[in-house]
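Structure file my_file.cif with mmCIF, C-alpha atoms:
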data_model
loop_
_atom_site.group_PDB
_atom_site.id
_atom_site.type_symbol
_atom_site.label_atom_id
_atom_site.label_comp_id
_atom_site.auth_asym_id
_atom_site.auth_seq_id
_atom_site.Cartn_x
_atom_site.Cartn_y
_atom_site.Cartn_z
ATOM 1 C CA MET Y 25 15.398 -3.563 28.815
ATOM 2 C CA ASN Y 26 18.137 -5.020 26.633
ATOM 3 C CA TRP Y 27 21.134 -2.920 27.589
ATOM 4 C CA GLY Y 28 23.003 -2.719 30.863
ATOM 5 C CA SER Y 29 24.750 0.527 29.948
ATOM 6 C CA TRP Y 30 24.994 3.139 27.197
ATOM 7 C CA GLN Y 31 28.283 1.569 26.177
ATOM 8 C CA ALA Y 32 26.533 -1.726 25.614
ATOM 9 C CA PHE Y 33 23.827 0.090 23.692
ATOM 10 C CA TRP Y 34 26.292 1.754 21.301
ATOM 11 C CA ALA Y 35 28.299 -1.451 20.903
ATOM 12 C CA MET Y 36 25.201 -3.437 19.840
ATOM 13 C CA GLY Y 37 26.831 -6.739 20.691
ATOM 14 C CA GLY Y 38 29.711 -6.006 18.320
ATOM 15 C CA TYR Y 39 27.453 -5.021 15.414
ATOM 16 C CA GLY Y 40 27.493 -1.299 16.240
ATOM 17 C CA GLY Y 41 29.307 -0.300 13.042
ATOM 18 C CA TYR Y 42 26.737 -2.000 10.830
ATOM 19 C CA ILE Y 43 23.700 -0.892 12.785
ATOM 20 C CA TRP Y 44 24.720 2.742 13.257
ATOM 21 C CA GLY Y 45 25.977 2.859 9.685
ATOM 22 C CA ALA Y 46 22.507 1.871 8.546
ATOM 23 C CA TYR Y 47 20.580 4.095 10.964
ATOM 24 C CA GLY Y 48 22.981 6.989 10.393
ATOM 25 C CA ALA Y 49 22.399 6.862 6.629
ATOM 26 C CA PHE Y 50 18.672 6.718 7.291
ATOM 27 C CA ALA Y 51 18.880 9.842 9.498
ATOM 28 C CA VAL Y 52 21.026 11.709 6.972
ATOM 29 C CA VAL Y 53 18.730 10.855 4.052
ATOM 30 C CA VAL Y 54 15.600 11.922 5.923
ATOM 31 C CA ILE Y 55 17.134 15.187 7.179
ATOM 32 C CA VAL Y 56 18.561 16.074 3.764
ATOM 33 C CA GLU Y 57 15.221 15.397 2.073
ATOM 34 C CA ILE Y 58 13.257 17.434 4.619
ATOM 35 C CA VAL Y 59 15.630 20.392 4.340
ATOM 36 C CA SER Y 60 15.827 20.315 0.542
ATOM 37 C CA VAL Y 61 12.100 19.879 -0.026
ATOM 38 C CA ARG Y 62 11.269 22.761 2.322
ATOM 39 C CA ALA Y 63 13.887 24.923 0.627
ATOM 40 C CA ARG Y 64 12.337 24.115 -2.749
ATOM 41 C CA LEU Y 65 8.895 25.145 -1.511
ATOM 42 C CA LEU Y 66 10.274 28.412 -0.124
ATOM 43 C CA ARG Y 67 12.128 29.100 -3.371
ATOM 44 C CA ALA Y 68 8.980 28.435 -5.380
ATOM 45 C CA ARG Y 69 7.005 30.790 -3.136
ATOM 46 C CA ARG Y 70 9.546 33.558 -3.512
ATOM 47 C CA ALA Y 71 9.789 33.095 -7.268
ATOM 48 C CA ALA Y 72 5.992 33.132 -7.529
ATOM 49 C CA ALA Y 73 5.779 36.338 -5.514
ATOM 50 C CA SER Y 74 8.114 38.110 -7.916
ATOM 51 C CA THR Y 75 6.502 36.836 -11.108
ATOM 52 C CA ARG Y 76 4.462 39.148 -13.253
ATOM 53 C CA ARG Y 77 1.055 38.296 -14.623
ATOM 54 C CA ARG Y 78 1.016 35.569 -17.228
ATOM 55 C CA THR Y 79 -0.133 36.669 -20.635
ATOM 56 C CA MET I 174 1.229 30.184 -21.511
ATOM 57 C CA GLN I 175 0.556 26.633 -22.517
ATOM 58 C CA ALA I 176 -2.231 26.073 -24.984
ATOM 59 C CA LEU I 177 -5.272 24.543 -23.377
ATOM 60 C CA ASN I 178 -6.784 21.503 -24.931
ATOM 61 C CA PRO I 179 -10.329 22.156 -26.006
ATOM 62 C CA THR I 180 -12.483 20.925 -23.184
ATOM 63 C CA THR I 181 -15.917 21.494 -21.789
ATOM 64 C CA PRO I 182 -16.168 24.519 -19.458
ATOM 65 C CA GLY I 183 -16.795 22.299 -16.443
ATOM 66 C CA PHE I 184 -13.734 20.197 -17.059
ATOM 67 C CA ARG I 185 -11.565 23.215 -17.682
ATOM 68 C CA LEU I 186 -12.732 24.698 -14.410
ATOM 69 C CA PHE I 187 -11.796 21.476 -12.662
ATOM 70 C CA ARG I 188 -8.352 21.619 -14.191
ATOM 71 C CA TYR I 189 -7.734 25.102 -12.968
ATOM 72 C CA ALA I 190 -9.187 24.486 -9.562
ATOM 73 C CA ALA I 191 -7.377 21.228 -8.857
ATOM 74 C CA PRO I 192 -3.850 22.591 -8.205
ATOM 75 C CA ALA I 193 -5.169 25.518 -6.140
ATOM 76 C CA GLU I 194 -7.394 23.286 -4.065
ATOM 77 C CA PHE I 195 -4.586 20.747 -3.695
ATOM 78 C CA TYR I 196 -2.195 23.440 -2.483
ATOM 79 C CA ARG I 197 -4.672 24.748 0.079
ATOM 80 C CA LEU I 198 -5.717 21.348 1.393
ATOM 81 C CA THR I 199 -2.211 19.844 1.660
ATOM 82 C CA GLY I 200 -1.012 22.977 3.462
ATOM 83 C CA ARG I 201 -3.439 22.046 6.218
ATOM 84 C CA ILE I 202 -2.884 18.301 6.465
ATOM 85 C CA ILE I 203 0.888 17.955 5.937
ATOM 86 C CA PRO I 204 1.837 19.210 9.445
ATOM 87 C CA PHE I 205 -0.336 16.519 11.034
ATOM 88 C CA ILE I 206 1.103 13.777 8.845
ATOM 89 C CA ALA I 207 4.653 14.963 9.600
ATOM 90 C CA VAL I 208 4.047 14.946 13.366
ATOM 91 C CA LEU I 209 2.459 11.509 13.065
ATOM 92 C CA ALA I 210 5.555 10.264 11.215
ATOM 93 C CA ALA I 211 7.856 11.585 13.951
ATOM 94 C CA LEU I 212 5.771 10.050 16.748
ATOM 95 C CA LEU I 213 5.529 6.695 14.989
ATOM 96 C CA ALA I 214 9.271 6.680 14.301
ATOM 97 C CA ALA I 215 10.030 7.440 17.957
ATOM 98 C CA ALA I 216 7.699 4.661 19.112
ATOM 99 C CA GLY I 217 9.003 2.195 16.521
ATOM 100 C CA LEU I 218 12.642 2.861 17.391
ATOM 101 C CA TYR I 219 11.886 2.540 21.090
ATOM 102 C CA VAL I 220 10.226 -0.842 20.629
ATOM 103 C CA GLY I 221 12.918 -1.871 18.147
ATOM 104 C CA PHE I 222 15.869 -1.099 20.380
ATOM 105 C CA PHE I 223 14.548 -1.415 23.924
ATOM 106 C CA VAL I 224 11.713 -3.943 23.817
ATOM 107 C CA ALA I 225 12.519 -6.370 20.998
ATOM 108 C CA PRO I 226 14.889 -9.077 22.247
ATOM 109 C CA THR I 227 18.230 -10.110 20.789
ATOM 110 C CA ASP I 228 17.798 -12.542 17.907
ATOM 111 C CA ALA I 229 18.961 -16.072 18.635
ATOM 112 C CA GLN I 230 20.737 -16.477 15.276
ATOM 113 C CA GLN I 231 21.761 -12.989 14.230
ATOM 114 C CA GLY I 232 22.444 -11.296 17.546
ATOM 115 C CA GLU I 233 21.800 -7.552 17.375
ATOM 116 C CA ALA I 234 22.516 -7.213 13.643
ATOM 117 C CA TYR I 235 18.899 -8.030 12.783
ATOM 118 C CA ARG I 236 17.809 -4.639 14.189
ATOM 119 C CA ILE I 237 18.681 -3.155 10.790
ATOM 120 C CA MET I 238 15.471 -4.875 9.675
ATOM 121 C CA PHE I 239 13.345 -2.144 11.274
ATOM 122 C CA ILE I 240 14.425 0.353 8.632
ATOM 123 C CA HIS I 241 15.530 -2.019 5.870
ATOM 124 C CA VAL I 242 12.183 -3.711 5.334
ATOM 125 C CA PRO I 243 10.017 -0.549 5.441
ATOM 126 C CA ALA I 244 12.446 1.241 3.097
ATOM 127 C CA ALA I 245 12.309 -1.671 0.634
ATOM 128 C CA TRP I 246 8.515 -1.770 0.810
ATOM 129 C CA MET I 247 8.214 1.967 0.245
ATOM 130 C CA GLY I 248 10.706 1.843 -2.626
ATOM 131 C CA MET I 249 8.508 -0.671 -4.429
ATOM 132 C CA PHE I 250 5.169 0.790 -3.401
ATOM 133 C CA ILE I 251 6.041 4.377 -4.331
ATOM 134 C CA TYR I 252 7.073 3.154 -7.762
ATOM 135 C CA VAL I 253 3.665 1.572 -8.309
ATOM 136 C CA VAL I 254 1.914 4.757 -7.139
ATOM 137 C CA MET I 255 4.188 6.862 -9.341
ATOM 138 C CA ALA I 256 3.425 4.670 -12.363
ATOM 139 C CA PHE I 257 -0.291 4.903 -11.547
ATOM 140 C CA TRP I 258 -0.171 8.717 -11.582
ATOM 141 C CA ALA I 259 1.984 8.682 -14.698
ATOM 142 C CA ALA I 260 -0.604 6.478 -16.441
ATOM 143 C CA LEU I 261 -3.452 8.775 -15.364
ATOM 144 C CA GLY I 262 -1.469 11.721 -16.655
ATOM 145 C CA LEU I 263 -0.815 10.026 -20.007
ATOM 146 C CA VAL I 264 -4.449 9.013 -20.488
ATOM 147 C CA PHE I 265 -6.348 12.022 -19.139
ATOM 148 C CA ASN I 266 -3.676 14.693 -19.460
ATOM 149 C CA THR I 267 -4.543 16.082 -16.031
ATOM 150 C CA ARG I 268 -2.042 18.398 -14.407
ATOM 151 C CA MET I 269 -1.983 17.016 -10.906
ATOM 152 C CA SER I 270 -1.218 13.463 -12.076
ATOM 153 C CA ALA I 271 2.086 14.395 -13.661
ATOM 154 C CA ILE I 272 2.926 16.600 -10.680
ATOM 155 C CA MET I 273 2.294 13.700 -8.299
ATOM 156 C CA ALA I 274 4.484 11.367 -10.361
ATOM 157 C CA SER I 275 7.327 13.897 -10.362
ATOM 158 C CA ALA I 276 6.909 14.557 -6.646
ATOM 159 C CA LEU I 277 7.097 10.857 -5.759
ATOM 160 C CA ALA I 278 10.211 9.984 -7.757
ATOM 161 C CA PRO I 279 12.923 11.480 -5.480
ATOM 162 C CA THR I 280 11.352 10.030 -2.330
ATOM 163 C CA GLY I 281 11.068 6.622 -3.997
ATOM 164 C CA ALA I 282 14.678 6.841 -5.124
ATOM 165 C CA LEU I 283 15.829 7.659 -1.592
ATOM 166 C CA MET I 284 13.826 4.736 -0.208
ATOM 167 C CA SER I 285 15.332 2.260 -2.643
ATOM 168 C CA PHE I 286 18.778 3.693 -1.935
ATOM 169 C CA LEU I 287 18.177 3.176 1.796
ATOM 170 C CA ALA I 288 16.977 -0.374 1.149
ATOM 171 C CA LEU I 289 20.222 -1.123 -0.711
ATOM 172 C CA TRP I 290 22.479 0.644 1.794
ATOM 173 C CA THR I 291 20.945 -0.886 4.915
ATOM 174 C CA GLY I 292 20.782 -4.226 3.098
ATOM 175 C CA ALA I 293 24.516 -4.092 2.413
ATOM 176 C CA LEU I 294 25.263 -3.339 6.059
ATOM 177 C CA TRP I 295 23.011 -6.184 7.120
ATOM 178 C CA GLY I 296 24.305 -8.565 4.467
ATOM 179 C CA ARG I 297 27.885 -8.264 5.642
ATOM 180 C CA PRO I 298 27.329 -9.650 9.176
ATOM 181 C CA ALA I 299 24.553 -12.021 8.076
ATOM 182 C CA TRP I 300 26.085 -13.512 4.905
ATOM 183 C CA GLY I 301 29.642 -12.242 4.912
ATOM 184 C CA ALA I 302 29.169 -10.011 1.851
ATOM 185 C CA TYR I 303 28.058 -6.412 1.387
ATOM 186 C CA TRP I 304 26.842 -7.128 -2.088
ATOM 187 C CA VAL I 305 26.187 -10.090 -4.356
ATOM 188 C CA TRP I 306 24.537 -10.039 -7.777
ATOM 189 C CA ASP I 307 21.512 -11.748 -6.367
ATOM 190 C CA ALA I 308 18.110 -11.488 -8.094
ATOM 191 C CA ARG I 309 16.496 -9.397 -5.388
ATOM 192 C CA MET I 310 19.400 -7.002 -4.933
ATOM 193 C CA THR I 311 19.999 -6.604 -8.649
ATOM 194 C CA SER I 312 16.326 -5.864 -9.313
ATOM 195 C CA THR I 313 16.269 -3.379 -6.415
ATOM 196 C CA LEU I 314 19.322 -1.657 -7.911
ATOM 197 C CA LEU I 315 17.419 -1.530 -11.200
ATOM 198 C CA LEU I 316 14.548 0.100 -9.307
ATOM 199 C CA LEU I 317 16.894 2.850 -8.112
ATOM 200 C CA PHE I 318 18.127 3.345 -11.686
ATOM 201 C CA LEU I 319 14.538 3.543 -12.935
ATOM 202 C CA TYR I 320 13.775 6.336 -10.471
ATOM 203 C CA MET I 321 16.962 8.129 -11.464
ATOM 204 C CA GLY I 322 16.184 7.617 -15.153
ATOM 205 C CA PHE I 323 12.725 9.076 -14.621
ATOM 206 C CA MET I 324 14.159 12.187 -12.965
ATOM 207 C CA ALA I 325 16.999 12.578 -15.479
ATOM 208 C CA LEU I 326 14.678 12.208 -18.474
ATOM 209 C CA HIS I 327 12.194 14.659 -16.992
ATOM 210 C CA SER I 328 14.818 17.298 -16.362
ATOM 211 C CA ALA I 329 16.446 16.773 -19.759
ATOM 212 C CA ILE I 330 13.335 17.901 -21.662
ATOM 213 C CA ASP I 331 12.582 21.617 -21.487
ATOM 214 C CA ASP I 332 8.910 21.497 -22.385
ATOM 215 C CA VAL I 333 7.224 20.360 -19.176
ATOM 216 C CA ARG I 334 4.270 18.667 -20.858
ATOM 217 C CA ARG I 335 6.556 16.663 -23.134
ATOM 218 C CA ALA I 336 8.818 15.841 -20.198
ATOM 219 C CA ASP I 337 5.770 14.565 -18.287
ATOM 220 C CA ARG I 338 4.781 12.278 -21.145
ATOM 221 C CA ALA I 339 8.251 10.902 -21.844
ATOM 222 C CA ALA I 340 9.095 10.286 -18.171
ATOM 223 C CA GLY I 341 5.603 8.902 -17.597
ATOM 224 C CA LEU I 342 6.114 6.369 -20.344
ATOM 225 C CA LEU I 343 9.424 5.312 -18.795
ATOM 226 C CA ALA I 344 7.715 4.942 -15.401
ATOM 227 C CA LEU I 345 5.056 2.709 -16.970
ATOM 228 C CA VAL I 346 7.549 0.476 -18.741
ATOM 229 C CA GLY I 347 9.590 0.094 -15.564
ATOM 230 C CA VAL I 348 6.655 -1.079 -13.490
ATOM 231 C CA VAL I 349 7.277 -4.680 -14.631
ATOM 232 C CA ASN I 350 10.339 -4.598 -12.390
ATOM 233 C CA VAL I 351 8.267 -4.356 -9.202
ATOM 234 C CA PRO I 352 6.742 -7.860 -9.275
ATOM 235 C CA ILE I 353 10.192 -9.149 -10.242
ATOM 236 C CA ILE I 354 11.628 -7.684 -7.032
ATOM 237 C CA TYR I 355 8.752 -8.931 -4.951
ATOM 238 C CA PHE I 356 8.758 -12.508 -6.200
ATOM 239 C CA SER I 357 12.500 -12.779 -6.850
ATOM 240 C CA VAL I 358 13.124 -14.722 -3.648
ATOM 241 C CA GLN I 359 10.622 -17.344 -4.801
ATOM 242 C CA TRP I 360 11.478 -17.461 -8.494
ATOM 243 C CA TRP I 361 15.228 -17.698 -8.166
ATOM 244 C CA ASN I 362 17.428 -19.493 -5.748
ATOM 245 C CA SER I 363 18.394 -16.469 -3.703
ATOM 246 C CA LEU I 364 20.826 -15.619 -0.969
ATOM 247 C CA HIS I 365 18.283 -13.093 0.253
ATOM 248 C CA GLN I 366 16.012 -14.583 2.864
ATOM 249 C CA GLY I 367 12.323 -15.074 2.139
ATOM 250 C CA SER I 368 9.606 -12.959 3.678
ATOM 251 C CA SER I 369 9.210 -12.993 7.426
ATOM 252 C CA ILE I 370 5.620 -11.969 6.881
ATOM 253 C CA THR I 371 3.324 -13.670 4.394
ATOM 254 C CA LEU I 372 -0.394 -13.082 4.190
ATOM 255 C CA GLY I 373 -2.396 -15.946 5.627
ATOM 256 C CA ARG I 374 0.526 -17.491 7.431
ATOM 257 C CA ALA I 375 1.867 -16.942 10.924
ATOM 258 C CA PRO I 376 4.863 -14.572 10.912
ATOM 259 C CA THR I 377 8.217 -16.201 11.482
ATOM 260 C CA ILE I 378 9.515 -13.577 13.923
ATOM 261 C CA ALA I 379 8.812 -12.665 17.540
ATOM 262 C CA THR I 380 5.937 -10.311 18.375
ATOM 263 C CA PRO I 381 7.936 -7.233 19.575
ATOM 264 C CA MET I 382 10.143 -7.503 16.475
ATOM 265 C CA LEU I 383 7.039 -7.625 14.312
ATOM 266 C CA ALA I 384 5.510 -4.698 16.224
ATOM 267 C CA ALA I 385 8.645 -2.572 15.795
ATOM 268 C CA MET I 386 8.735 -3.298 12.083
ATOM 269 C CA GLY I 387 5.016 -2.573 11.702
ATOM 270 C CA ILE I 388 5.252 0.747 13.553
ATOM 271 C CA MET I 389 8.317 1.729 11.526
ATOM 272 C CA ALA I 390 6.476 0.807 8.320
ATOM 273 C CA LEU I 391 3.639 3.162 9.328
ATOM 274 C CA ALA I 392 6.202 5.861 10.160
ATOM 275 C CA PHE I 393 7.769 5.447 6.705
ATOM 276 C CA TRP I 394 4.331 5.680 5.113
ATOM 277 C CA ALA I 395 3.532 8.912 6.918
ATOM 278 C CA TYR I 396 6.987 10.332 6.195
ATOM 279 C CA CYS I 397 6.843 9.524 2.478
ATOM 280 C CA ILE I 398 3.346 11.018 2.178
ATOM 281 C CA ALA I 399 4.456 14.228 3.898
ATOM 282 C CA ALA I 400 7.667 14.516 1.868
ATOM 283 C CA ALA I 401 6.030 13.783 -1.504
ATOM 284 C CA LEU I 402 3.078 16.108 -0.857
ATOM 285 C CA THR I 403 5.393 18.945 0.194
ATOM 286 C CA ARG I 404 7.409 18.451 -2.983
ATOM 287 C CA ALA I 405 4.176 18.353 -4.997
ATOM 288 C CA ARG I 406 3.182 21.723 -3.479
ATOM 289 C CA ALA I 407 6.502 23.197 -4.579
ATOM 290 C CA ILE I 408 6.028 21.820 -8.111
ATOM 291 C CA VAL I 409 2.488 23.222 -8.212
ATOM 292 C CA LEU I 410 3.831 26.690 -7.422
ATOM 293 C CA GLU I 411 6.666 26.336 -9.927
ATOM 294 C CA ARG I 412 4.270 25.372 -12.690
ATOM 295 C CA GLU I 413 1.354 27.614 -11.837
ATOM 296 C CA ARG I 414 3.511 30.686 -11.353
ATOM 297 C CA GLY I 415 1.817 33.737 -12.767
ATOM 298 C CA THR I 416 -1.703 32.338 -12.604
ATOM 299 C CA GLU I 417 -4.334 34.329 -10.809
ATOM 300 C CA TRP I 418 -4.576 32.098 -7.738
ATOM 301 C CA VAL I 419 -0.819 31.917 -7.150
ATOM 302 C CA ARG I 420 -0.560 35.683 -7.539
ATOM 303 C CA ALA I 421 -3.344 36.141 -5.004
ATOM 304 C CA LEU I 422 -1.693 33.628 -2.681
ATOM 305 C CA THR I 423 1.782 35.142 -2.747
ATOM 306 C CA GLY I 424 0.698 38.766 -3.008
ATOM 307 C CA ALA I 425 2.556 39.282 -6.270
ATOM 308 C CA SER I 426 2.218 42.750 -7.718
ATOM 309 C CA ALA I 427 0.663 43.301 -11.125
#
Before anything else, please render the file you have as structure tokens.
Amino acid sequence: MNWGSWQAFWAMGGYGGYIWGAYGAFAVVVIVEIVSVRARLLRARRAAASTRRRT
Amino acid sequence: MQALNPTTPGFRLFRYAAPAEFYRLTGRIIPFIAVLAALLAAAGLYVGFFVAPTDAQQGEAYRIMFIHVPAAWMGMFIYVVMAFWAALGLVFNTRMSAIMASALAPTGALMSFLALWTGALWGRPAWGAYWVWDARMTSTLLLLFLYMGFMALHSAIDDVRRADRAAGLLALVGVVNVPIIYFSVQWWNSLHQGSSITLGRAPTIATPMLAAMGIMALAFWAYCIAAALTRARAIVLERERGTEWVRALTGASA
């Protein structure tokens, strides 16, 4: 175990801003991509359900 | 409806069947890959933050490596895969190839963005600068622009088949950038450090650090596969809208 307390964990030896800035961006990017890609699939499904036969 | 190229009946059947089969199959396997990605990420982050020791030179700042390196790898690798599918699409004119190339581009762009962003936040404590016009960073920025160019060009052309060909050509031309990124730290005198892992040589970092990075790399792999395949499914539906199998699938009325 590296950290004596949660405070020490969040501080990351003084590098907390850099580390959480990097990991935070990573989390945001992944969440945004998951949400948007699932929304696109749902949209495509709905659009397909309301499309008439191709001629 | 798009005109079909004259083909043999067997090949035409294959063309029609491929997107339907792809949609069905990926619908089954994506959940497993997604769960695998989440489990690997949890394990990798645990090892990275709670098992891997503090680095003697960099203190805790080096822990950015666990997402920086996998993101940079995936940014490069996805580009190669995208160019491969684009080339297949250009040569054989198969539908799924172009769909795969289009599905990979946004994920690749996000990975190269993450590589740049996390690199900047690591560069500041390690070198004292968020950004320098170093060979590796500049070529990685070019990689991001290539992804964005691919997407912009594709969306700028209305005819999907033409958009596939034009963007595919751009993807192919841009592939020369990937070896430049990879070898940039050897070819030019670079501020960016060399590889910690080289094939055939002992790694230059401690075992738990290496383990955390390896597990995170696997997590990134699984994540990118799940994200790109889900996007590919959406593109399949968008393009195949109105065909018999999509109508059957979605219960569209006649």
- Message: To test your reading of the syntax: which residues would the PyMOL selection byres ((chain I) within 9 of (chain Y)) return for the file shown? Reply as a ChimeraX atom specification.
- Response: /I:174,222-227,232-237,240-241,279-280,283-284,287,290-295,297-298,396,400-401,403-411,413-417,419-420,422-427
- Between atom CA of Ile353 of chain I and atom CA of Thr311 of chain I, what is the spacing in Å?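 Going from atom CA of Thr311 of chain I over to atom CA of Ile353 of chain I, I get 10.3 Å.
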- So what do you get for atom CA of Ala344 of chain I versus atom CA of Gly296 of chain I, distance-wise? 29.2 Å
- Item | Nearby residues (only C-alpha atoms) at most 10 Å from segment 203-206 of chain I, same-chain spacing under 5 positions excluded, as a PyMOL selection string | chain I and resi 198+211-212+392+394-403
- Message: Between atom CA of Gly28 of chain Y and atom CA of Ala384 of chain I, what distance in Å does the model show, to one decimal?
- Response: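 Separation of atom CA of Gly28 of chain Y and atom CA of Ala384 of chain I: 22.9 Å.
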For the provided coordinates, the residues matched by the PyMOL selection byres ((chain I and resi 356) around 12) should be stated as a short mmCIF file (atom, residue, chain, number, x, y, z; two decimals) with C-alpha atoms, keeping the file's coordinate frame.
data_model
loop_
_atom_site.label_atom_id
_atom_site.label_comp_id
_atom_site.auth_asym_id
_atom_site.auth_seq_id
_atom_site.Cartn_x
_atom_site.Cartn_y
_atom_site.Cartn_z
CA MET I 249 8.51 -0.67 -4.43
CA ALA I 308 18.11 -11.49 -8.09
CA ARG I 309 16.50 -9.40 -5.39
CA SER I 312 16.33 -5.86 -9.31
CA THR I 313 16.27 -3.38 -6.42
CA VAL I 349 7.28 -4.68 -14.63
CA ASN I 350 10.34 -4.60 -12.39
CA VAL I 351 8.27 -4.36 -9.20
CA PRO I 352 6.74 -7.86 -9.28
CA ILE I 353 10.19 -9.15 -10.24
CA ILE I 354 11.63 -7.68 -7.03
CA TYR I 355 8.75 -8.93 -4.95
CA SER I 357 12.50 -12.78 -6.85
CA VAL I 358 13.12 -14.72 -3.65
CA GLN I 359 10.62 -17.34 -4.80
CA TRP I 360 11.48 -17.46 -8.49
CA TRP I 361 15.23 -17.70 -8.17
CA ASN I 362 17.43 -19.49 -5.75
CA SER I 363 18.39 -16.47 -3.70
CA HIS I 365 18.28 -13.09 0.25
CA GLN I 366 16.01 -14.58 2.86
CA GLY I 367 12.32 -15.07 2.14
CA SER I 368 9.61 -12.96 3.68
CA THR I 371 3.32 -13.67 4.39
#
- Query: What lies within 7 Å of segment 327-342 of chain I using only C-alpha atoms, ignoring chain neighbours under 2 positions off, as a ChimeraX atom specification?
  - Reply: /I:259-260,263,271,323-325,344-346
Given 6 Å on each side, where is the centre and what are the edge lengths in Å to one decimal of the axis-aligned box enclosing the listed atoms of segment 264-281 of chain I, as AutoDock Vina command-line options?
--center_x 3.3 --center_y 12.5 --center_z -11.4 --size_x 31.3 --size_y 23.8 --size_z 30.2
